[in-house]
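Below is the file coords-v1.pdb, which contains PDB, C-alpha atoms and all ligand atoms.
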ATOM      1  CA  MET M   4      57.753  16.418  -8.734  1.00  0.00           C
ATOM      2  CA  SER M   5      56.011  14.868 -11.738  1.00  0.00           C
ATOM      3  CA  LEU M   6      52.266  14.620 -11.769  1.00  0.00           C
ATOM      4  CA  THR M   7      52.404  12.037 -14.550  1.00  0.00           C
ATOM      5  CA  ALA M   8      54.732   9.852 -12.506  1.00  0.00           C
ATOM      6  CA  GLN M   9      52.405  10.223  -9.556  1.00  0.00           C
ATOM      7  CA  ILE M  10      49.399   9.096 -11.628  1.00  0.00           C
ATOM      8  CA  ASP M  11      51.423   6.193 -13.000  1.00  0.00           C
ATOM      9  CA  LEU M  12      52.216   5.122  -9.467  1.00  0.00           C
ATOM     10  CA  LEU M  13      48.524   5.028  -8.690  1.00  0.00           C
ATOM     11  CA  ARG M  14      47.657   3.103 -11.890  1.00  0.00           C
ATOM     12  CA  ASP M  15      50.430   0.577 -11.326  1.00  0.00           C
ATOM     13  CA  ALA M  16      49.465  -0.159  -7.735  1.00  0.00           C
ATOM     14  CA  VAL M  17      47.422  -3.223  -8.721  1.00  0.00           C
ATOM     15  CA  ASP M  18      49.293  -5.558  -6.382  1.00  0.00           C
ATOM     16  CA  VAL M  19      49.011  -3.126  -3.496  1.00  0.00           C
ATOM     17  CA  ALA M  20      45.257  -2.946  -4.069  1.00  0.00           C
ATOM     18  CA  ARG M  21      44.901  -6.732  -4.457  1.00  0.00           C
ATOM     19  CA  GLU M  22      46.798  -7.342  -1.245  1.00  0.00           C
ATOM     20  CA  ALA M  23      44.594  -4.843   0.565  1.00  0.00           C
ATOM     21  CA  VAL M  24      41.474  -6.776  -0.506  1.00  0.00           C
ATOM     22  CA  VAL M  25      43.020 -10.035   0.702  1.00  0.00           C
ATOM     23  CA  ASP M  26      43.990  -8.424   4.016  1.00  0.00           C
ATOM     24  CA  ASP M  27      40.393  -7.324   4.331  1.00  0.00           C
ATOM     25  CA  GLY M  28      39.196 -10.925   4.033  1.00  0.00           C
ATOM     26  CA  GLY M  29      38.185 -10.765   0.379  1.00  0.00           C
ATOM     27  CA  VAL M  30      39.133 -13.029  -2.510  1.00  0.00           C
ATOM     28  CA  PRO M  31      39.819 -10.705  -5.459  1.00  0.00           C
ATOM     29  CA  GLY M  32      39.473 -12.126  -8.963  1.00  0.00           C
ATOM     30  CA  ASP M  33      40.588 -10.476 -12.190  1.00  0.00           C
ATOM     31  CA  HIS M  34      41.611  -6.845 -12.154  1.00  0.00           C
ATOM     32  CA  VAL M  35      38.867  -5.216 -14.230  1.00  0.00           C
ATOM     33  CA  ALA M  36      39.506  -1.483 -14.023  1.00  0.00           C
ATOM     34  CA  VAL M  37      41.364   1.365 -12.451  1.00  0.00           C
ATOM     35  CA  VAL M  38      39.759   4.784 -12.106  1.00  0.00           C
ATOM     36  CA  VAL M  39      41.971   7.749 -11.268  1.00  0.00           C
ATOM     37  CA  GLU M  40      39.877   9.802  -8.881  1.00  0.00           C
ATOM     38  CA  ASP M  41      42.215  12.785  -8.635  1.00  0.00           C
ATOM     39  CA  ASP M  42      45.964  13.608  -8.549  1.00  0.00           C
ATOM     40  CA  ASN M  43      46.404  11.635  -5.356  1.00  0.00           C
ATOM     41  CA  SER M  44      44.038   8.704  -5.462  1.00  0.00           C
ATOM     42  CA  ALA M  45      42.761   5.913  -7.690  1.00  0.00           C
ATOM     43  CA  ALA M  46      40.293   3.064  -7.322  1.00  0.00           C
ATOM     44  CA  HIS M  47      41.229  -0.445  -8.440  1.00  0.00           C
ATOM     45  CA  TYR M  48      38.399  -2.881  -9.188  1.00  0.00           C
ATOM     46  CA  PHE M  49      38.545  -6.698  -9.039  1.00  0.00           C
ATOM     47  CA  THR M  50      35.881  -9.280  -9.764  1.00  0.00           C
ATOM     48  CA  ALA M  51      34.306 -10.804  -6.676  1.00  0.00           C
ATOM     49  CA  ASP M  52      32.984 -14.346  -6.559  1.00  0.00           C
ATOM     50  CA  LEU M  53      30.706 -14.148  -3.562  1.00  0.00           C
ATOM     51  CA  PRO M  54      27.421 -16.064  -3.113  1.00  0.00           C
ATOM     52  CA  GLY M  55      24.502 -13.629  -3.368  1.00  0.00           C
ATOM     53  CA  TYR M  56      26.611 -10.823  -4.845  1.00  0.00           C
ATOM     54  CA  ARG M  57      26.436 -11.499  -8.549  1.00  0.00           C
ATOM     55  CA  GLY M  58      28.035  -8.622 -10.473  1.00  0.00           C
ATOM     56  CA  TRP M  59      29.639  -7.000  -7.434  1.00  0.00           C
ATOM     57  CA  ARG M  60      33.295  -5.975  -7.431  1.00  0.00           C
ATOM     58  CA  TRP M  61      36.003  -5.463  -4.878  1.00  0.00           C
ATOM     59  CA  CYS M  62      37.240  -1.906  -4.886  1.00  0.00           C
ATOM     60  CA  ALA M  63      40.482  -0.811  -3.229  1.00  0.00           C
ATOM     61  CA  VAL M  64      41.211   2.900  -3.146  1.00  0.00           C
ATOM     62  CA  VAL M  65      44.912   3.700  -3.129  1.00  0.00           C
ATOM     63  CA  ALA M  66      46.547   7.050  -2.495  1.00  0.00           C
ATOM     64  CA  VAL M  67      49.938   8.683  -2.909  1.00  0.00           C
ATOM     65  CA  ALA M  68      51.143  12.033  -1.617  1.00  0.00           C
ATOM     66  CA  ALA M  69      53.968  12.504  -4.145  1.00  0.00           C
ATOM     67  CA  ASP M  70      55.830  10.488  -6.768  1.00  0.00           C
ATOM     68  CA  ASP M  71      58.592   9.726  -4.269  1.00  0.00           C
ATOM     69  CA  GLU M  72      56.199   8.639  -1.544  1.00  0.00           C
ATOM     70  CA  PRO M  73      54.838   5.114  -0.987  1.00  0.00           C
ATOM     71  CA  VAL M  74      51.379   4.120  -2.208  1.00  0.00           C
ATOM     72  CA  THR M  75      48.987   3.584   0.688  1.00  0.00           C
ATOM     73  CA  VAL M  76      45.515   2.079   0.925  1.00  0.00           C
ATOM     74  CA  SER M  77      42.614   4.323   1.912  1.00  0.00           C
ATOM     75  CA  GLU M  78      39.751   1.826   1.956  1.00  0.00           C
ATOM     76  CA  VAL M  79      38.460  -1.496   0.659  1.00  0.00           C
ATOM     77  CA  VAL M  80      34.780  -1.887  -0.221  1.00  0.00           C
ATOM     78  CA  LEU M  81      32.493  -4.184  -2.151  1.00  0.00           C
ATOM     79  CA  LEU M  82      30.562  -2.236  -4.798  1.00  0.00           C
ATOM     80  CA  PRO M  83      27.884  -3.192  -7.328  1.00  0.00           C
ATOM     81  CA  GLY M  84      29.004  -3.256 -10.952  1.00  0.00           C
ATOM     82  CA  ASP M  85      26.884  -3.045 -14.099  1.00  0.00           C
ATOM     83  CA  GLY M  86      23.933  -5.439 -13.883  1.00  0.00           C
ATOM     84  CA  ALA M  87      24.739  -6.367 -10.269  1.00  0.00           C
ATOM     85  CA  LEU M  88      22.102  -8.077  -8.222  1.00  0.00           C
ATOM     86  CA  LEU M  89      20.704  -5.361  -5.959  1.00  0.00           C
ATOM     87  CA  ALA M  90      18.102  -5.286  -3.223  1.00  0.00           C
ATOM     88  CA  PRO M  91      14.865  -3.530  -4.231  1.00  0.00           C
ATOM     89  CA  VAL M  92      14.649   0.134  -3.344  1.00  0.00           C
ATOM     90  CA  PHE M  93      13.441   0.409   0.214  1.00  0.00           C
ATOM     91  CA  VAL M  94       9.898   1.699   0.507  1.00  0.00           C
ATOM     92  CA  PRO M  95       8.815   2.776   4.001  1.00  0.00           C
ATOM     93  CA  TRP M  96       6.032   0.739   5.521  1.00  0.00           C
ATOM     94  CA  SER M  97       3.820   3.814   5.674  1.00  0.00           C
ATOM     95  CA  GLU M  98       3.988   4.060   1.858  1.00  0.00           C
ATOM     96  CA  ARG M  99       3.558   0.340   1.248  1.00  0.00           C
ATOM     97  CA  ILE M 100       0.404  -0.221   3.262  1.00  0.00           C
ATOM     98  CA  ALA M 101      -2.735  -0.535   1.187  1.00  0.00           C
ATOM     99  CA  ALA M 102      -6.433  -0.618   1.842  1.00  0.00           C
ATOM    100  CA  GLY M 103      -7.403  -3.953   3.357  1.00  0.00           C
ATOM    101  CA  ASP M 104      -3.984  -4.583   4.989  1.00  0.00           C
ATOM    102  CA  LEU M 105      -5.106  -3.655   8.482  1.00  0.00           C
ATOM    103  CA  GLN M 106      -5.526  -6.762  10.604  1.00  0.00           C
ATOM    104  CA  PRO M 107      -6.993  -7.211  14.097  1.00  0.00           C
ATOM    105  CA  GLY M 108      -4.492  -5.853  16.605  1.00  0.00           C
ATOM    106  CA  ASP M 109      -2.624  -3.706  14.034  1.00  0.00           C
ATOM    107  CA  GLN M 110      -2.068  -0.041  14.823  1.00  0.00           C
ATOM    108  CA  LEU M 111      -2.034   2.467  12.000  1.00  0.00           C
ATOM    109  CA  GLY M 112      -1.545   5.994  13.301  1.00  0.00           C
ATOM    110  CA  ALA M 113      -2.123   9.053  11.140  1.00  0.00           C
ATOM    111  CA  GLU M 114       0.903  11.316  10.688  1.00  0.00           C
ATOM    112  CA  PRO M 115       0.667  14.767  12.311  1.00  0.00           C
ATOM    113  CA  ASP M 116       0.565  16.353   8.838  1.00  0.00           C
ATOM    114  CA  ASP M 117      -1.913  13.865   7.403  1.00  0.00           C
ATOM    115  CA  ALA M 118      -3.949  15.931   4.934  1.00  0.00           C
ATOM    116  CA  ARG M 119      -7.060  13.920   5.695  1.00  0.00           C
ATOM    117  CA  LEU M 120      -7.289  15.380   9.182  1.00  0.00           C
ATOM    118  CA  VAL M 121      -7.482  18.847  10.722  1.00  0.00           C
ATOM    119  CA  PRO M 122      -7.283  19.922  14.371  1.00  0.00           C
ATOM    120  CA  ASN M 123     -10.593  20.032  16.150  1.00  0.00           C
ATOM    121  CA  GLN M 124     -10.914  23.760  16.814  1.00  0.00           C
ATOM    122  CA  ILE M 125     -13.869  23.388  19.146  1.00  0.00           C
ATOM    123  CA  ASP M 126     -12.020  20.953  21.359  1.00  0.00           C
ATOM    124  CA  ASN M 127     -10.565  23.620  23.635  1.00  0.00           C
ATOM    125  CA  GLY M 128     -11.405  25.984  26.471  1.00  0.00           C
ATOM    126  CA  ASP M 129     -14.875  25.843  27.912  1.00  0.00           C
ATOM    127  CA  VAL M 130     -16.241  23.640  25.228  1.00  0.00           C
ATOM    128  CA  ALA M 131     -13.726  20.957  26.152  1.00  0.00           C
ATOM    129  CA  ALA M 132     -15.124  21.032  29.677  1.00  0.00           C
ATOM    130  CA  VAL M 133     -18.441  19.665  28.459  1.00  0.00           C
ATOM    131  CA  ASP M 134     -16.950  17.267  25.943  1.00  0.00           C
ATOM    132  CA  GLY M 135     -18.096  14.289  27.883  1.00  0.00           C
ATOM    133  CA  GLU M 136     -21.696  15.380  27.750  1.00  0.00           C
ATOM    134  CA  LEU M 137     -21.621  16.286  24.064  1.00  0.00           C
ATOM    135  CA  GLY M 138     -19.680  13.256  22.979  1.00  0.00           C
ATOM    136  CA  LEU M 139     -16.858  15.383  21.614  1.00  0.00           C
ATOM    137  CA  GLY M 140     -13.231  14.977  22.617  1.00  0.00           C
ATOM    138  CA  ARG M 141     -11.662  14.253  19.259  1.00  0.00           C
ATOM    139  CA  ARG M 142      -8.408  16.133  18.888  1.00  0.00           C
ATOM    140  CA  ARG M 143      -8.530  15.982  15.094  1.00  0.00           C
ATOM    141  CA  LEU M 144     -11.307  16.021  12.546  1.00  0.00           C
ATOM    142  CA  LEU M 145     -11.567  15.033   8.918  1.00  0.00           C
ATOM    143  CA  SER M 146     -10.346  17.808   6.644  1.00  0.00           C
ATOM    144  CA  PRO M 147     -12.356  18.891   3.582  1.00  0.00           C
ATOM    145  CA  GLU M 148      -9.737  17.087   1.464  1.00  0.00           C
ATOM    146  CA  GLY M 149     -10.027  13.894   3.509  1.00  0.00           C
ATOM    147  CA  ARG M 150     -13.798  14.053   3.326  1.00  0.00           C
ATOM    148  CA  ALA M 151     -13.817  14.626  -0.428  1.00  0.00           C
ATOM    149  CA  ASP M 152     -11.397  11.709  -0.974  1.00  0.00           C
ATOM    150  CA  ALA M 153     -13.531   9.356   1.090  1.00  0.00           C
ATOM    151  CA  ALA M 154     -16.712  10.456  -0.647  1.00  0.00           C
ATOM    152  CA  GLN M 155     -15.153   9.870  -4.059  1.00  0.00           C
ATOM    153  CA  ARG M 156     -13.888   6.404  -3.032  1.00  0.00           C
ATOM    154  CA  TRP M 157     -17.274   5.396  -1.729  1.00  0.00           C
ATOM    155  CA  TYR M 158     -19.055   6.829  -4.733  1.00  0.00           C
ATOM    156  CA  ASP M 159     -16.778   4.936  -7.138  1.00  0.00           C
ATOM    157  CA  GLY M 160     -16.719   1.767  -5.048  1.00  0.00           C
ATOM    158  CA  ASP M 161     -18.811  -1.354  -4.656  1.00  0.00           C
ATOM    159  CA  TYR M 162     -21.613   0.609  -3.011  1.00  0.00           C
ATOM    160  CA  GLY M 163     -21.762   3.462  -5.470  1.00  0.00           C
ATOM    161  CA  PRO M 164     -24.252   4.053  -8.269  1.00  0.00           C
ATOM    162  CA  SER M 165     -22.051   2.579 -10.989  1.00  0.00           C
ATOM    163  CA  SER M 166     -21.768  -0.862  -9.362  1.00  0.00           C
ATOM    164  CA  ALA M 167     -23.503  -3.797 -11.012  1.00  0.00           C
ATOM    165  CA  MET M 168     -25.901  -4.119  -8.080  1.00  0.00           C
ATOM    166  CA  ALA M 169     -27.004  -0.505  -8.295  1.00  0.00           C
ATOM    167  CA  GLN M 170     -27.340  -0.625 -12.062  1.00  0.00           C
ATOM    168  CA  ALA M 171     -29.730  -3.545 -11.763  1.00  0.00           C
ATOM    169  CA  ALA M 172     -31.790  -2.011  -8.927  1.00  0.00           C
ATOM    170  CA  LYS M 173     -35.082  -0.242  -9.489  1.00  0.00           C
ATOM    171  CA  HIS M 174     -34.992   1.769  -6.275  1.00  0.00           C
ATOM    172  CA  SER M 175     -32.280   3.808  -4.639  1.00  0.00           C
ATOM    173  CA  CYS M 176     -31.031   3.763  -1.072  1.00  0.00           C
ATOM    174  CA  SER M 177     -32.129   7.349  -0.468  1.00  0.00           C
ATOM    175  CA  ALA M 178     -35.748   6.152  -0.362  1.00  0.00           C
ATOM    176  CA  CYS M 179     -35.104   2.905   1.493  1.00  0.00           C
ATOM    177  CA  GLY M 180     -36.194   2.268   5.050  1.00  0.00           C
ATOM    178  CA  PHE M 181     -32.939   0.458   5.751  1.00  0.00           C
ATOM    179  CA  TYR M 182     -30.913   3.557   4.873  1.00  0.00           C
ATOM    180  CA  LEU M 183     -29.405   5.439   7.809  1.00  0.00           C
ATOM    181  CA  PRO M 184     -28.045   8.800   6.546  1.00  0.00           C
ATOM    182  CA  LEU M 185     -24.632   9.880   7.769  1.00  0.00           C
ATOM    183  CA  ALA M 186     -24.338  12.958   9.956  1.00  0.00           C
ATOM    184  CA  GLY M 187     -22.596  16.128   8.835  1.00  0.00           C
ATOM    185  CA  ALA M 188     -21.623  17.280   5.385  1.00  0.00           C
ATOM    186  CA  LEU M 189     -22.170  13.875   3.763  1.00  0.00           C
ATOM    187  CA  ARG M 190     -25.659  13.481   5.163  1.00  0.00           C
ATOM    188  CA  PHE M 191     -27.389  13.926   1.817  1.00  0.00           C
ATOM    189  CA  THR M 192     -25.093  11.741  -0.212  1.00  0.00           C
ATOM    190  CA  PHE M 193     -24.186   8.736   1.955  1.00  0.00           C
ATOM    191  CA  GLY M 194     -25.666   6.540   4.616  1.00  0.00           C
ATOM    192  CA  VAL M 195     -25.254   3.136   6.190  1.00  0.00           C
ATOM    193  CA  CYS M 196     -27.302   0.169   5.087  1.00  0.00           C
ATOM    194  CA  ALA M 197     -29.010  -1.639   7.957  1.00  0.00           C
ATOM    195  CA  ASN M 198     -30.369  -4.552   5.973  1.00  0.00           C
ATOM    196  CA  GLU M 199     -28.646  -7.753   7.066  1.00  0.00           C
ATOM    197  CA  TYR M 200     -29.435  -9.348   3.708  1.00  0.00           C
ATOM    198  CA  SER M 201     -27.837  -6.581   1.687  1.00  0.00           C
ATOM    199  CA  ALA M 202     -25.007  -4.092   2.315  1.00  0.00           C
ATOM    200  CA  ASP M 203     -25.461  -4.353   6.082  1.00  0.00           C
ATOM    201  CA  GLY M 204     -23.059  -2.040   7.924  1.00  0.00           C
ATOM    202  CA  HIS M 205     -21.508  -0.593   4.771  1.00  0.00           C
ATOM    203  CA  VAL M 206     -21.532   3.029   3.736  1.00  0.00           C
ATOM    204  CA  VAL M 207     -23.692   3.228   0.649  1.00  0.00           C
ATOM    205  CA  SER M 208     -24.255   6.087  -1.736  1.00  0.00           C
ATOM    206  CA  ALA M 209     -27.746   7.576  -1.654  1.00  0.00           C
ATOM    207  CA  GLU M 210     -27.792   6.645  -5.354  1.00  0.00           C
ATOM    208  CA  TYR M 211     -26.890   3.038  -4.691  1.00  0.00           C
ATOM    209  CA  GLY M 212     -29.677   0.502  -4.589  1.00  0.00           C
ATOM    210  CA  CYS M 213     -30.350  -3.185  -4.338  1.00  0.00           C
ATOM    211  CA  GLY M 214     -33.072  -5.749  -4.677  1.00  0.00           C
ATOM    212  CA  ALA M 215     -33.724  -5.771  -0.939  1.00  0.00           C
ATOM    213  CA  HIS M 216     -35.059  -2.191  -0.889  1.00  0.00           C
ATOM    214  CA  SER M 217     -37.726  -1.719   1.760  1.00  0.00           C
ATOM    215  CA  ASP M 218     -40.342  -0.732  -0.827  1.00  0.00           C
ATOM    216  CA  ILE M 219     -40.068  -3.992  -2.731  1.00  0.00           C
ATOM    217  CA  ALA M 220     -43.021  -6.224  -1.958  1.00  0.00           C
ATOM    218  CA  PRO M 221     -42.251  -9.852  -1.260  1.00  0.00           C
ATOM    219  CA  LYS M 222     -43.187 -12.181  -4.072  1.00  0.00           C
ATOM    220  CA  PRO M 223     -45.699 -14.928  -3.395  1.00  0.00           C
ATOM    221  CA  PRO M 224     -44.102 -18.310  -3.028  1.00  0.00           C
ATOM    222  CA  VAL M 225     -43.551 -19.913  -6.378  1.00  0.00           C
ATOM    223  CA  SER M 226     -43.357 -23.565  -7.248  1.00  0.00           C
ATOM    224  CA  THR M 227     -42.995 -25.703 -10.287  1.00  0.00           C
ATOM    225  CA  PRO M 228     -45.467 -28.397 -11.316  1.00  0.00           C
ATOM    226  CA  GLN M 229     -42.878 -30.904 -10.267  1.00  0.00           C
ATOM    227  CA  PHE M 230     -42.909 -29.623  -6.724  1.00  0.00           C
ATOM    228  CA  ASP M 231     -46.571 -28.589  -6.367  1.00  0.00           C
ATOM    229  CA  PRO M 232     -47.571 -29.354  -2.807  1.00  0.00           C
ATOM    230  CA  PHE M 233     -49.879 -32.370  -2.502  1.00  0.00           C
ATOM    231  CA  ASP M 234     -53.039 -31.629  -0.528  1.00  0.00           C
ATOM    232  CA  ASP M 235     -54.222 -34.933   0.778  1.00  0.00           C
ATOM    233  CA  GLY M 236     -57.384 -33.325   2.235  1.00  0.00           C
ATOM    234  CA  VAL M 237     -58.836 -32.930  -1.233  1.00  0.00           C
ATOM    235  CA  LEU M 238     -60.646 -35.899  -2.767  1.00  0.00           C
ATOM    236  CA  GLU M 239     -60.384 -36.358  -6.440  1.00  0.00           C
ATOM    237  CA  VAL M 240     -63.445 -38.076  -7.904  1.00  0.00           C
ATOM    238  CA  PHE M 241     -62.933 -40.287 -10.917  1.00  0.00           C
ATOM    239  CA  ALA M 242     -65.751 -41.817 -12.911  1.00  0.00           C
ATOM    240  CA  THR M 243     -65.476 -45.589 -13.067  1.00  0.00           C
ATOM    241  CA  ALA M 244     -66.485 -47.708 -15.984  1.00  0.00           C
ATOM    242  CA  GLU M 245     -69.713 -49.745 -15.303  1.00  0.00           C
TER     243      GLU M 245
HETATM  244  S1  LIG A 301     -31.399  -2.524   1.547  1.00  0.00           S
HETATM  245 FE1  LIG A 301     -30.519  -2.024  -0.450  1.00  0.00          FE
HETATM  246  S2  LIG A 301     -31.605  -0.158  -1.092  1.00  0.00           S
HETATM  247 FE2  LIG A 301     -31.912  -0.404   1.117  1.00  0.00          FE
HETATM  248  S3  LIG A 301     -30.294   0.785   2.079  1.00  0.00           S
HETATM  249 FE3  LIG A 301     -29.561  -1.299   1.917  1.00  0.00          FE
HETATM  250  S4  LIG A 301     -28.431  -1.337  -0.014  1.00  0.00           S
HETATM  251 FE4  LIG A 301     -29.731   0.487  -0.055  1.00  0.00          FE
END

structure tokens encoding of this file:
Amino acid sequence: MSLTAQIDLLRDAVDVAREAVVDDGGVPGDHVAVVVEDDNSAAHYFTADLPGYRGWRWCAVVAVAADDEPVTVSEVVLLPGDGALLAPVFVPWSERIAAGDLQPGDQLGAEPDDARLVPNQIDNGDVAAVDGELGLGRRRLLSPEGRADAAQRWYDGDYGPSSAMAQAAKHSCSACGFYLPLAGALRFTFGVCANEYSADGHVVSAEYGCGAHSDIAPKPPVSTPQFDPFDDGVLEVFATAE
């Protein structure tokens, strides 16, 4: 038995490979390469002219048991060649979603190992029995990491102290009557604005501020000479020439 003869059989099996592609429904073009995989198998590559598969190639894998045995076909596949048009790498939906994507009716569940949440340790035993009265009942709570991330986002965001609005404000939210402090660990650093003309309903940093602060006195109405109100109850007296 000659190993060289066996390899030659594999290399020379171009027609066998081409016929296998045709039998598989393909239309093989030029023979572009043969790759000897091991002592008993080789892959023959042919150009493929298929719509949507630019740069792809037909590949027929042939095999031989010995140099006096017939060459057989193991498989026929379509494979991408160099520079082939490929689909983008699949990214799971959970990794693609971004802030602002959530729409009415969407459901976005947190994974069991979501680092932003921790189990609610007090939601068990006897305490759970009075959950209804205390307003508890949450199975998971924000973790320190989740809380710190949120705080940083809010602090750096549109309602943080570095925003243009806050930079131009003379007073901060912490001293504003419209400021409703959050409960819990963030009580002293964040609250919700309840001023419908400002950041109404948004979490604002205690260091944020705006021109609608409750301590700002309303300005008296201003007008221009062009639009001075005309008081027709006032008589203007003009001297007349005799
Ligand atoms: S009105 Fe302005 S200063 Fe007051 S809480 Fe809202 S954003 Fe802060």

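Here atom CA of M:Thr50 stands at a distance of 4.7 Å from atom CA of M:Gly32.
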
_Neighbourhood of ligand LIG 301 (chain A) at 7 Å, counting all atoms listed in the file, reported as a ChimeraX atom specification_ = /M:174-176,179-182,195-198,201-203,207,211-217

Restrict the selected residues to C-alpha atoms and save them as a PDB file, in the frame of the given file.
ATOM      1  CA  HIS M 174     -34.992   1.769  -6.275  1.00  0.00           C
ATOM      2  CA  SER M 175     -32.280   3.808  -4.639  1.00  0.00           C
ATOM      3  CA  CYS M 176     -31.031   3.763  -1.072  1.00  0.00           C
ATOM      4  CA  CYS M 179     -35.104   2.905   1.493  1.00  0.00           C
ATOM      5  CA  GLY M 180     -36.194   2.268   5.050  1.00  0.00           C
ATOM      6  CA  PHE M 181     -32.939   0.458   5.751  1.00  0.00           C
ATOM      7  CA  TYR M 182     -30.913   3.557   4.873  1.00  0.00           C
ATOM      8  CA  VAL M 195     -25.254   3.136   6.190  1.00  0.00           C
ATOM      9  CA  CYS M 196     -27.302   0.169   5.087  1.00  0.00           C
ATOM     10  CA  ALA M 197     -29.010  -1.639   7.957  1.00  0.00           C
ATOM     11  CA  ASN M 198     -30.369  -4.552   5.973  1.00  0.00           C
ATOM     12  CA  SER M 201     -27.837  -6.581   1.687  1.00  0.00           C
ATOM     13  CA  ALA M 202     -25.007  -4.092   2.315  1.00  0.00           C
ATOM     14  CA  ASP M 203     -25.461  -4.353   6.082  1.00  0.00           C
ATOM     15  CA  VAL M 207     -23.692   3.228   0.649  1.00  0.00           C
ATOM     16  CA  TYR M 211     -26.890   3.038  -4.691  1.00  0.00           C
ATOM     17  CA  GLY M 212     -29.677   0.502  -4.589  1.00  0.00           C
ATOM     18  CA  CYS M 213     -30.350  -3.185  -4.338  1.00  0.00           C
ATOM     19  CA  GLY M 214     -33.072  -5.749  -4.677  1.00  0.00           C
ATOM     20  CA  ALA M 215     -33.724  -5.771  -0.939  1.00  0.00           C
ATOM     21  CA  HIS M 216     -35.059  -2.191  -0.889  1.00  0.00           C
ATOM     22  CA  SER M 217     -37.726  -1.719   1.760  1.00  0.00           C
TER      23      SER M 217
END

Would you kindly return, as a PDB file with C-alpha atoms, in the frame of the given file, each protein, DNA or RNA residue with an atom no farther than 8 Å from any atom of M:Pro164, considering all atoms listed in the file and excluding same-chain residues fewer than 5 positions away?
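The resulting part.pdb:
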ATOM      1  CA  TYR M 158     -19.055   6.829  -4.733  1.00  0.00           C
ATOM      2  CA  ASP M 159     -16.778   4.936  -7.138  1.00  0.00           C
ATOM      3  CA  ALA M 169     -27.004  -0.505  -8.295  1.00  0.00           C
ATOM      4  CA  GLN M 170     -27.340  -0.625 -12.062  1.00  0.00           C
ATOM      5  CA  SER M 208     -24.255   6.087  -1.736  1.00  0.00           C
ATOM      6  CA  GLU M 210     -27.792   6.645  -5.354  1.00  0.00           C
ATOM      7  CA  TYR M 211     -26.890   3.038  -4.691  1.00  0.00           C
ATOM      8  CA  GLY M 212     -29.677   0.502  -4.589  1.00  0.00           C
TER       9      GLY M 212
END

May I have the protein, DNA and RNA residues with an atom at most 12 Å from (45.2, -7.4, -2.1), counting only C-alpha atoms in the file's coordinates, returned as a JSON list (two decimals) with C-alpha atoms, in the frame of the given file?
[["chain", "number", "residue", "atom", "x", "y", "z"],
["M", 16, "ALA", "CA", 49.46, -0.16, -7.74],
["M", 17, "VAL", "CA", 47.42, -3.22, -8.72],
["M", 18, "ASP", "CA", 49.29, -5.56, -6.38],
["M", 19, "VAL", "CA", 49.01, -3.13, -3.50],
["M", 20, "ALA", "CA", 45.26, -2.95, -4.07],
["M", 21, "ARG", "CA", 44.90, -6.73, -4.46],
["M", 22, "GLU", "CA", 46.80, -7.34, -1.25],
["M", 23, "ALA", "CA", 44.59, -4.84, 0.56],
["M", 24, "VAL", "CA", 41.47, -6.78, -0.51],
["M", 25, "VAL", "CA", 43.02, -10.04, 0.70],
["M", 26, "ASP", "CA", 43.99, -8.42, 4.02],
["M", 27, "ASP", "CA", 40.39, -7.32, 4.33],
["M", 28, "GLY", "CA", 39.20, -10.92, 4.03],
["M", 29, "GLY", "CA", 38.18, -10.76, 0.38],
["M", 30, "VAL", "CA", 39.13, -13.03, -2.51],
["M", 31, "PRO", "CA", 39.82, -10.70, -5.46],
["M", 32, "GLY", "CA", 39.47, -12.13, -8.96],
["M", 33, "ASP", "CA", 40.59, -10.48, -12.19],
["M", 34, "HIS", "CA", 41.61, -6.84, -12.15],
["M", 47, "HIS", "CA", 41.23, -0.44, -8.44],
["M", 48, "TYR", "CA", 38.40, -2.88, -9.19],
["M", 49, "PHE", "CA", 38.54, -6.70, -9.04],
["M", 61, "TRP", "CA", 36.00, -5.46, -4.88],
["M", 62, "CYS", "CA", 37.24, -1.91, -4.89],
["M", 63, "ALA", "CA", 40.48, -0.81, -3.23],
["M", 64, "VAL", "CA", 41.21, 2.90, -3.15],
["M", 65, "VAL", "CA", 44.91, 3.70, -3.13],
["M", 75, "THR", "CA", 48.99, 3.58, 0.69],
["M", 76, "VAL", "CA", 45.52, 2.08, 0.92],
["M", 78, "GLU", "CA", 39.75, 1.83, 1.96],
["M", 79, "VAL", "CA", 38.46, -1.50, 0.66],
["M", 80, "VAL", "CA", 34.78, -1.89, -0.22]]

*Gap from atom CA of M:Gln110 to atom CA of M:Gly160 - Å, one decimal*: 24.8 Å

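The point (29.8, -8.9, -12.2) has these residues within 6 Å of it when all atoms listed in the file are used: Arg57, Gly58, Trp59, Gly84 and Ala87 of chain M.
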
*Within 10 Å of M:Val74, counting only C-alpha atoms, which residues show up once you throw out same-chain ones fewer than 3 positions away? Write them as a PyMOL selection string, please.*
chain M and resi 9+12-13+15-16+19-20+43-44+65-71+77

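Going from atom CA of M:Met168 to atom CA of M:Val206 covers 14.5 Å.
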
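Closest approach to M:Gly204 from the set M:Ile219, M:Ala188, M:Val39, M:Leu183 is made by M:Leu183, with distances taken over all atoms listed in the file.
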
*Hey, which of M:Gly86, M:Pro54, M:Gly187, M:Gly140 ends up closest to M:Pro122? Count only C-alpha atoms.*
M:Gly140
